[in-house]
$ cat upload_18.pdb   # PDB, C-alpha atoms
ATOM      1  CA  MET A 293       0.000   0.000   0.000  1.00  0.00           C
ATOM      2  CA  PRO A 294       1.428   3.478  -0.825  1.00  0.00           C
ATOM      3  CA  GLU A 295       2.273   6.098   1.752  1.00  0.00           C
ATOM      4  CA  HIS A 296      -0.736   7.401   3.661  1.00  0.00           C
ATOM      5  CA  ASN A 297       0.034  10.950   2.449  1.00  0.00           C
ATOM      6  CA  ASP A 298      -0.823   9.949  -1.127  1.00  0.00           C
ATOM      7  CA  ILE A 299      -4.225   8.441  -0.252  1.00  0.00           C
ATOM      8  CA  ASN A 300      -7.448  10.392  -0.031  1.00  0.00           C
ATOM      9  CA  PRO A 301      -8.459  10.386   3.689  1.00  0.00           C
ATOM     10  CA  ILE A 302     -11.839   8.865   2.828  1.00  0.00           C
ATOM     11  CA  PHE A 303     -10.028   5.615   1.991  1.00  0.00           C
ATOM     12  CA  LEU A 304      -8.461   5.491   5.466  1.00  0.00           C
ATOM     13  CA  SER A 305     -11.719   5.931   7.372  1.00  0.00           C
ATOM     14  CA  THR A 306     -12.784   2.268   7.600  1.00  0.00           C
ATOM     15  CA  ASP A 307     -11.551  -1.215   6.825  1.00  0.00           C
ATOM     16  CA  THR A 308     -14.050  -1.492   3.976  1.00  0.00           C
ATOM     17  CA  ALA A 309     -12.792   1.750   2.443  1.00  0.00           C
ATOM     18  CA  ARG A 310      -9.189   0.527   2.706  1.00  0.00           C
ATOM     19  CA  LYS A 311     -10.138  -2.742   1.007  1.00  0.00           C
ATOM     20  CA  ILE A 312     -11.875  -0.871  -1.800  1.00  0.00           C
ATOM     21  CA  TYR A 313      -8.742   1.263  -2.276  1.00  0.00           C
ATOM     22  CA  GLU A 314      -6.559  -1.861  -2.363  1.00  0.00           C
ATOM     23  CA  LEU A 315      -8.784  -3.243  -5.132  1.00  0.00           C
ATOM     24  CA  GLY A 316      -7.242  -0.653  -7.439  1.00  0.00           C
ATOM     25  CA  GLU A 317      -3.785  -2.063  -6.737  1.00  0.00           C
ATOM     26  CA  ASP A 318      -5.059  -5.611  -7.289  1.00  0.00           C
ATOM     27  CA  ILE A 319      -6.617  -4.601 -10.594  1.00  0.00           C
ATOM     28  CA  THR A 320      -3.257  -3.160 -11.661  1.00  0.00           C
ATOM     29  CA  LYS A 321      -1.584  -6.486 -10.867  1.00  0.00           C
ATOM     30  CA  LEU A 322      -4.338  -8.322 -12.731  1.00  0.00           C
ATOM     31  CA  LEU A 323      -3.853  -6.227 -15.861  1.00  0.00           C
ATOM     32  CA  GLN A 324      -0.076  -6.672 -15.730  1.00  0.00           C
ATOM     33  CA  SER A 325      -0.484 -10.455 -15.452  1.00  0.00           C
ATOM     34  CA  ALA A 326      -2.946 -10.480 -18.345  1.00  0.00           C
ATOM     35  CA  SER A 327      -0.573  -8.407 -20.457  1.00  0.00           C
ATOM     36  CA  THR A 328       2.320 -10.749 -19.757  1.00  0.00           C
ATOM     37  CA  CYS A 329       0.166 -13.814 -20.516  1.00  0.00           C
ATOM     38  CA  VAL A 330      -0.877 -12.381 -23.866  1.00  0.00           C
ATOM     39  CA  ALA A 331       2.742 -11.493 -24.651  1.00  0.00           C
ATOM     40  CA  LEU A 332       3.817 -15.028 -23.782  1.00  0.00           C
ATOM     41  CA  LEU A 333       1.208 -16.435 -26.170  1.00  0.00           C
ATOM     42  CA  THR A 334       2.499 -14.394 -29.104  1.00  0.00           C
ATOM     43  CA  ILE A 335       5.251 -15.608 -31.416  1.00  0.00           C
ATOM     44  CA  PRO A 336       8.580 -14.692 -29.792  1.00  0.00           C
ATOM     45  CA  GLU A 337      10.648 -12.006 -31.466  1.00  0.00           C
ATOM     46  CA  LEU A 338      14.359 -12.498 -31.326  1.00  0.00           C
ATOM     47  CA  ASP A 339      16.422  -9.444 -30.433  1.00  0.00           C
ATOM     48  CA  PRO A 340      19.241  -8.411 -32.763  1.00  0.00           C
ATOM     49  CA  PRO A 341      22.681  -9.503 -31.434  1.00  0.00           C
ATOM     50  CA  GLU A 342      23.733  -5.955 -30.461  1.00  0.00           C
ATOM     51  CA  GLN A 343      20.636  -5.529 -28.244  1.00  0.00           C
ATOM     52  CA  GLU A 344      21.006  -8.920 -26.566  1.00  0.00           C
ATOM     53  CA  ALA A 345      24.113  -7.718 -24.764  1.00  0.00           C
ATOM     54  CA  GLU A 346      22.202  -4.693 -23.396  1.00  0.00           C
ATOM     55  CA  LEU A 347      19.146  -6.647 -22.219  1.00  0.00           C
ATOM     56  CA  LYS A 348      19.262  -8.864 -19.184  1.00  0.00           C
ATOM     57  CA  PRO A 349      16.688 -11.590 -18.616  1.00  0.00           C
ATOM     58  CA  SER A 350      14.032 -10.583 -16.122  1.00  0.00           C
ATOM     59  CA  GLY A 351      14.445 -13.768 -14.080  1.00  0.00           C
ATOM     60  CA  SER A 352      11.134 -13.562 -12.284  1.00  0.00           C
ATOM     61  CA  PRO A 353       7.918 -11.655 -12.968  1.00  0.00           C
ATOM     62  CA  SER A 354       8.020 -10.027  -9.521  1.00  0.00           C
ATOM     63  CA  SER A 355      11.315  -8.119  -9.874  1.00  0.00           C
ATOM     64  CA  GLU A 356       9.647  -4.676 -10.042  1.00  0.00           C
ATOM     65  CA  ALA A 357      12.310  -2.727  -8.111  1.00  0.00           C
ATOM     66  CA  SER A 358      14.885  -2.933 -10.931  1.00  0.00           C
ATOM     67  CA  THR A 359      12.400  -2.769 -13.812  1.00  0.00           C
ATOM     68  CA  PRO A 360      13.477  -0.175 -16.387  1.00  0.00           C
ATOM     69  CA  ARG A 361      10.914   2.470 -17.284  1.00  0.00           C
ATOM     70  CA  ASP A 362       9.946   3.821 -20.699  1.00  0.00           C
ATOM     71  CA  SER A 363       9.450   7.486 -21.642  1.00  0.00           C
ATOM     72  CA  ALA A 364       5.909   7.525 -20.171  1.00  0.00           C
ATOM     73  CA  GLY A 365       7.158   6.277 -16.796  1.00  0.00           C
ATOM     74  CA  LEU A 366       5.567   2.868 -17.230  1.00  0.00           C
ATOM     75  CA  PRO A 367       7.587  -0.301 -16.744  1.00  0.00           C
ATOM     76  CA  SER A 368       9.042  -1.392 -20.060  1.00  0.00           C
ATOM     77  CA  ARG A 369       8.279  -4.924 -21.130  1.00  0.00           C
ATOM     78  CA  PRO A 370      10.866  -7.371 -19.809  1.00  0.00           C
ATOM     79  CA  ARG A 371      12.549  -9.694 -22.222  1.00  0.00           C
ATOM     80  CA  LEU A 372      10.464 -12.845 -22.372  1.00  0.00           C
ATOM     81  CA  PRO A 373      12.006 -16.309 -22.254  1.00  0.00           C
ATOM     82  CA  VAL A 374      12.157 -18.609 -25.276  1.00  0.00           C
ATOM     83  CA  GLY A 375      11.315 -22.278 -25.591  1.00  0.00           C
ATOM     84  CA  GLU A 376      10.274 -24.424 -22.640  1.00  0.00           C
ATOM     85  CA  GLU A 377      10.870 -21.565 -20.172  1.00  0.00           C
ATOM     86  CA  ARG A 378       8.232 -19.582 -22.021  1.00  0.00           C
ATOM     87  CA  SER A 379       5.489 -22.129 -21.363  1.00  0.00           C
ATOM     88  CA  GLU A 380       6.563 -22.445 -17.711  1.00  0.00           C
ATOM     89  CA  GLN A 381       6.412 -18.683 -17.247  1.00  0.00           C
ATOM     90  CA  PHE A 382       3.006 -18.619 -18.945  1.00  0.00           C
ATOM     91  CA  VAL A 383       1.727 -21.159 -16.422  1.00  0.00           C
ATOM     92  CA  MET A 384       3.121 -19.049 -13.545  1.00  0.00           C
ATOM     93  CA  GLU A 385       1.609 -15.831 -14.931  1.00  0.00           C
ATOM     94  CA  ALA A 386      -1.763 -17.467 -15.624  1.00  0.00           C
ATOM     95  CA  THR A 387      -1.812 -18.872 -12.088  1.00  0.00           C
ATOM     96  CA  GLN A 388      -0.995 -15.433 -10.685  1.00  0.00           C
ATOM     97  CA  TYR A 389      -3.715 -13.906 -12.888  1.00  0.00           C
ATOM     98  CA  TYR A 390      -6.408 -16.271 -11.582  1.00  0.00           C
ATOM     99  CA  GLU A 391      -5.256 -15.898  -7.966  1.00  0.00           C
ATOM    100  CA  THR A 392      -5.439 -12.118  -8.278  1.00  0.00           C
ATOM    101  CA  LEU A 393      -8.827 -12.352  -9.989  1.00  0.00           C
ATOM    102  CA  ASP A 394     -10.079 -14.563  -7.147  1.00  0.00           C
ATOM    103  CA  THR A 395      -8.780 -12.062  -4.573  1.00  0.00           C
ATOM    104  CA  ILE A 396     -10.521  -9.184  -6.352  1.00  0.00           C
ATOM    105  CA  HIS A 397     -13.756 -11.177  -6.558  1.00  0.00           C
ATOM    106  CA  LEU A 398     -13.652 -12.023  -2.854  1.00  0.00           C
ATOM    107  CA  ASN A 399     -12.811  -8.441  -1.827  1.00  0.00           C
ATOM    108  CA  LEU A 400     -15.633  -7.029  -3.971  1.00  0.00           C
ATOM    109  CA  ARG A 401     -18.160  -9.425  -2.493  1.00  0.00           C
ATOM    110  CA  THR A 402     -16.935  -8.663   1.033  1.00  0.00           C
ATOM    111  CA  ALA A 403     -17.103  -4.901   0.453  1.00  0.00           C
ATOM    112  CA  MET A 404     -20.618  -5.179  -0.981  1.00  0.00           C
ATOM    113  CA  ALA A 405     -21.739  -7.293   1.989  1.00  0.00           C
ATOM    114  CA  HIS A 406     -20.366  -4.667   4.394  1.00  0.00           C
ATOM    115  CA  LEU A 407     -22.107  -1.872   2.512  1.00  0.00           C
ATOM    116  CA  ARG A 408     -25.400  -3.783   2.551  1.00  0.00           C
ATOM    117  CA  ARG A 409     -25.062  -4.609   6.250  1.00  0.00           C
ATOM    118  CA  GLU A 410     -24.375  -0.959   7.069  1.00  0.00           C
ATOM    119  CA  ARG A 411     -27.324   0.025   4.852  1.00  0.00           C
ATOM    120  CA  VAL A 412     -25.322   2.607   2.927  1.00  0.00           C
ATOM    121  CA  ALA A 413     -27.534   4.402   0.452  1.00  0.00           C
ATOM    122  CA  PRO A 414     -26.523   3.827  -3.175  1.00  0.00           C
ATOM    123  CA  ALA A 415     -26.563   7.599  -3.727  1.00  0.00           C
ATOM    124  CA  ALA A 416     -23.801   7.946  -1.123  1.00  0.00           C
ATOM    125  CA  ILE A 417     -21.404   5.723  -3.048  1.00  0.00           C
ATOM    126  CA  THR A 418     -22.200   6.578  -6.658  1.00  0.00           C
ATOM    127  CA  ALA A 419     -20.032   9.119  -8.387  1.00  0.00           C
ATOM    128  CA  PRO A 420     -21.594  12.464  -9.279  1.00  0.00           C
ATOM    129  CA  PRO A 421     -22.067  13.271 -12.964  1.00  0.00           C
ATOM    130  CA  PRO A 422     -19.053  14.761 -14.743  1.00  0.00           C
ATOM    131  CA  GLY A 423     -18.737  18.476 -14.163  1.00  0.00           C
ATOM    132  CA  PHE A 424     -20.921  18.419 -11.026  1.00  0.00           C
ATOM    133  CA  VAL A 425     -20.221  21.286  -8.644  1.00  0.00           C
ATOM    134  CA  PRO A 426     -21.926  21.021  -5.243  1.00  0.00           C
ATOM    135  CA  THR A 427     -23.877  23.976  -3.875  1.00  0.00           C
ATOM    136  CA  ALA A 428     -22.467  26.167  -1.139  1.00  0.00           C
ATOM    137  CA  PHE A 429     -24.835  24.452   1.300  1.00  0.00           C
ATOM    138  CA  GLY A 430     -23.566  20.962   0.451  1.00  0.00           C
ATOM    139  CA  VAL A 431     -26.689  18.859   0.043  1.00  0.00           C
ATOM    140  CA  GLY A 432     -29.678  20.166  -1.821  1.00  0.00           C
ATOM    141  CA  PRO A 433     -30.797  21.383  -5.202  1.00  0.00           C
ATOM    142  CA  GLU A 434     -28.243  22.596  -7.717  1.00  0.00           C
ATOM    143  CA  ALA A 435     -27.330  26.264  -7.816  1.00  0.00           C
ATOM    144  CA  GLY A 436     -29.515  28.386 -10.027  1.00  0.00           C
ATOM    145  CA  LEU A 437     -32.983  29.753  -9.406  1.00  0.00           C
ATOM    146  CA  ASN A 438     -33.310  27.817  -6.158  1.00  0.00           C
ATOM    147  CA  ALA A 439     -29.927  27.945  -4.404  1.00  0.00           C
ATOM    148  CA  ARG A 440     -31.108  26.842  -0.956  1.00  0.00           C
ATOM    149  CA  GLY A 441     -29.886  23.817   0.926  1.00  0.00           C
ATOM    150  CA  LEU A 442     -31.950  20.812   1.963  1.00  0.00           C
ATOM    151  CA  GLN A 443     -32.694  22.135   5.459  1.00  0.00           C
ATOM    152  CA  GLU A 444     -33.814  25.506   4.144  1.00  0.00           C
ATOM    153  CA  THR A 445     -36.087  23.808   1.610  1.00  0.00           C
ATOM    154  CA  ARG A 446     -37.687  21.658   4.327  1.00  0.00           C
ATOM    155  CA  LEU A 447     -38.225  24.669   6.599  1.00  0.00           C
ATOM    156  CA  GLU A 448     -39.934  26.569   3.794  1.00  0.00           C
ATOM    157  CA  ARG A 449     -42.125  23.552   2.956  1.00  0.00           C
ATOM    158  CA  ASP A 450     -43.170  23.170   6.607  1.00  0.00           C
ATOM    159  CA  ALA A 451     -43.878  26.917   6.887  1.00  0.00           C
ATOM    160  CA  TRP A 452     -46.191  26.812   3.842  1.00  0.00           C
ATOM    161  CA  ARG A 453     -47.972  23.759   5.236  1.00  0.00           C
ATOM    162  CA  GLY A 454     -48.486  25.696   8.478  1.00  0.00           C
ATOM    163  CA  VAL A 455     -49.932  28.651   6.541  1.00  0.00           C
ATOM    164  CA  VAL A 456     -52.346  26.357   4.661  1.00  0.00           C
ATOM    165  CA  ASP A 457     -53.439  24.642   7.903  1.00  0.00           C
ATOM    166  CA  ALA A 458     -53.988  28.015   9.599  1.00  0.00           C
ATOM    167  CA  LEU A 459     -56.070  29.299   6.670  1.00  0.00           C
ATOM    168  CA  GLU A 460     -58.188  26.120   6.659  1.00  0.00           C
ATOM    169  CA  ARG A 461     -58.833  26.437  10.428  1.00  0.00           C
ATOM    170  CA  LEU A 462     -59.735  30.112   9.977  1.00  0.00           C
ATOM    171  CA  LYS A 463     -62.161  29.177   7.190  1.00  0.00           C
ATOM    172  CA  VAL A 464     -63.766  26.480   9.390  1.00  0.00           C
ATOM    173  CA  GLN A 465     -64.144  28.961  12.286  1.00  0.00           C
ATOM    174  CA  GLN A 466     -65.721  31.586  10.025  1.00  0.00           C
ATOM    175  CA  THR A 467     -68.203  29.117   8.561  1.00  0.00           C
ATOM    176  CA  ALA A 468     -69.083  27.813  12.053  1.00  0.00           C
ATOM    177  CA  ALA A 469     -69.643  31.350  13.384  1.00  0.00           C
ATOM    178  CA  THR A 470     -72.023  32.391  10.629  1.00  0.00           C
ATOM    179  CA  PRO A 471     -74.212  29.412   9.674  1.00  0.00           C
ATOM    180  CA  ASP A 472     -77.193  31.698   8.839  1.00  0.00           C
ATOM    181  CA  SER A 473     -75.368  33.676   6.180  1.00  0.00           C
ATOM    182  CA  VAL A 474     -74.429  30.499   4.300  1.00  0.00           C
ATOM    183  CA  ALA A 475     -78.059  29.294   4.200  1.00  0.00           C
ATOM    184  CA  SER A 476     -79.383  32.507   2.597  1.00  0.00           C
TER     185      SER A 476
END
$ encode --input "upload_18.pdb" --output "structure tokens"
Amino acid sequence: MPEHNDINPIFLSTDTARKIYELGEDITKLLQSASTCVALLTIPELDPPEQEAELKPSGSPSSEASTPRDSAGLPSRPRLPVGEERSEQFVMEATQYYETLDTIHLNLRTAMAHLRRERVAPAAITAPPPGFVPTAFGVGPEAGLNARGLQETRLERDAWRGVVDALERLKVQQTAATPDSVAS
């Protein structure tokens, strides 16, 4: 897991949030394993003799500390083995791929079970639409004609209901006080 300074604090709040954050790292491993498996299934390209002296065999798929990087900062593809070693490495990479996939599957199911047990509303965990800017009040209608927050909206609604109830009671009192004028 990376340094805690690099992680959004929301992902450090609970165990479930930490597991969801770690899923991103697992997915990265899964994609790297899939990429290596596909590369191992392709027809091997032999390096020209002058480049063979520069390249060193990767040895194992987990030697990430000394992995050279390309111009985009991504790990450059290690030199793949040839012959029988190639099929052995494919088996190792495929096994790692399925183990990682199983871990991701289990972590997703566990996270979903925790979210269901805690009764987290789906609206709380869905991403807002692109370009969404929250109002100054946080929760409530979008800014525009009606730029009030949720609490202000509820207070106004309750005030109008009170006005309607008061007017209805006043109307009932007036009709009860003057029953003769209604009959004529």
$ resolve_selection --input "upload_18.pdb" --expression "the PyMOL selection byres ((chain A and resi 397-403) around 10)" --output "list in words"
Asp307, Thr308, Ala309, Arg310, Lys311, Ile312, Glu314, Leu315, Asp318, Glu391, Thr392, Leu393, Asp394, Thr395, Ile396, Met404, Ala405, His406, Leu407, Arg408 and Arg409 of chain A
$ write_last_selection --input "upload_18.pdb" --atoms "C-alpha atoms" --output "tab-separated table (two decimals), keeping the file's coordinate frame"
chain	number	residue	atom	x	y	z
A	307	ASP	CA	-11.55	-1.22	6.82
A	308	THR	CA	-14.05	-1.49	3.98
A	309	ALA	CA	-12.79	1.75	2.44
A	310	ARG	CA	-9.19	0.53	2.71
A	311	LYS	CA	-10.14	-2.74	1.01
A	312	ILE	CA	-11.88	-0.87	-1.80
A	314	GLU	CA	-6.56	-1.86	-2.36
A	315	LEU	CA	-8.78	-3.24	-5.13
A	318	ASP	CA	-5.06	-5.61	-7.29
A	391	GLU	CA	-5.26	-15.90	-7.97
A	392	THR	CA	-5.44	-12.12	-8.28
A	393	LEU	CA	-8.83	-12.35	-9.99
A	394	ASP	CA	-10.08	-14.56	-7.15
A	395	THR	CA	-8.78	-12.06	-4.57
A	396	ILE	CA	-10.52	-9.18	-6.35
A	404	MET	CA	-20.62	-5.18	-0.98
A	405	ALA	CA	-21.74	-7.29	1.99
A	406	HIS	CA	-20.37	-4.67	4.39
A	407	LEU	CA	-22.11	-1.87	2.51
A	408	ARG	CA	-25.40	-3.78	2.55
A	409	ARG	CA	-25.06	-4.61	6.25
$ closest_residue --input "upload_18.pdb" --among "A:Ala458, A:Ala451, A:Tyr389, A:Thr418" --to "Thr320 of chain A" --atoms "only C-alpha atoms"
A:Tyr389
$ atom_distance --input "upload_18.pdb" --atom1 "atom CA of Ser379 of chain A" --atom2 "atom CA of Gln324 of chain A"
17.4 Å
$ atom_distance --input "upload_18.pdb" --atom1 "atom CA of Glu376 of chain A" --atom2 "atom CA of Val330 of chain A"
16.5 Å
$ atom_distance --input "upload_18.pdb" --atom1 "atom CA of Thr445 of chain A" --atom2 "atom CA of Arg461 of chain A"
24.5 Å
$ resolve_selection --input "upload_18.pdb" --expression "the PyMOL selection byres ((chain A and resi 386) around 12)" --output "list in words"
Lys321, Leu322, Leu323, Gln324, Ser325, Ala326, Ser327, Thr328, Cys329, Val330, Ala331, Leu332, Leu333, Pro353, Ser379, Glu380, Gln381, Phe382, Val383, Met384, Glu385, Thr387, Gln388, Tyr389, Tyr390, Glu391, Thr392 and Leu393 of chain A
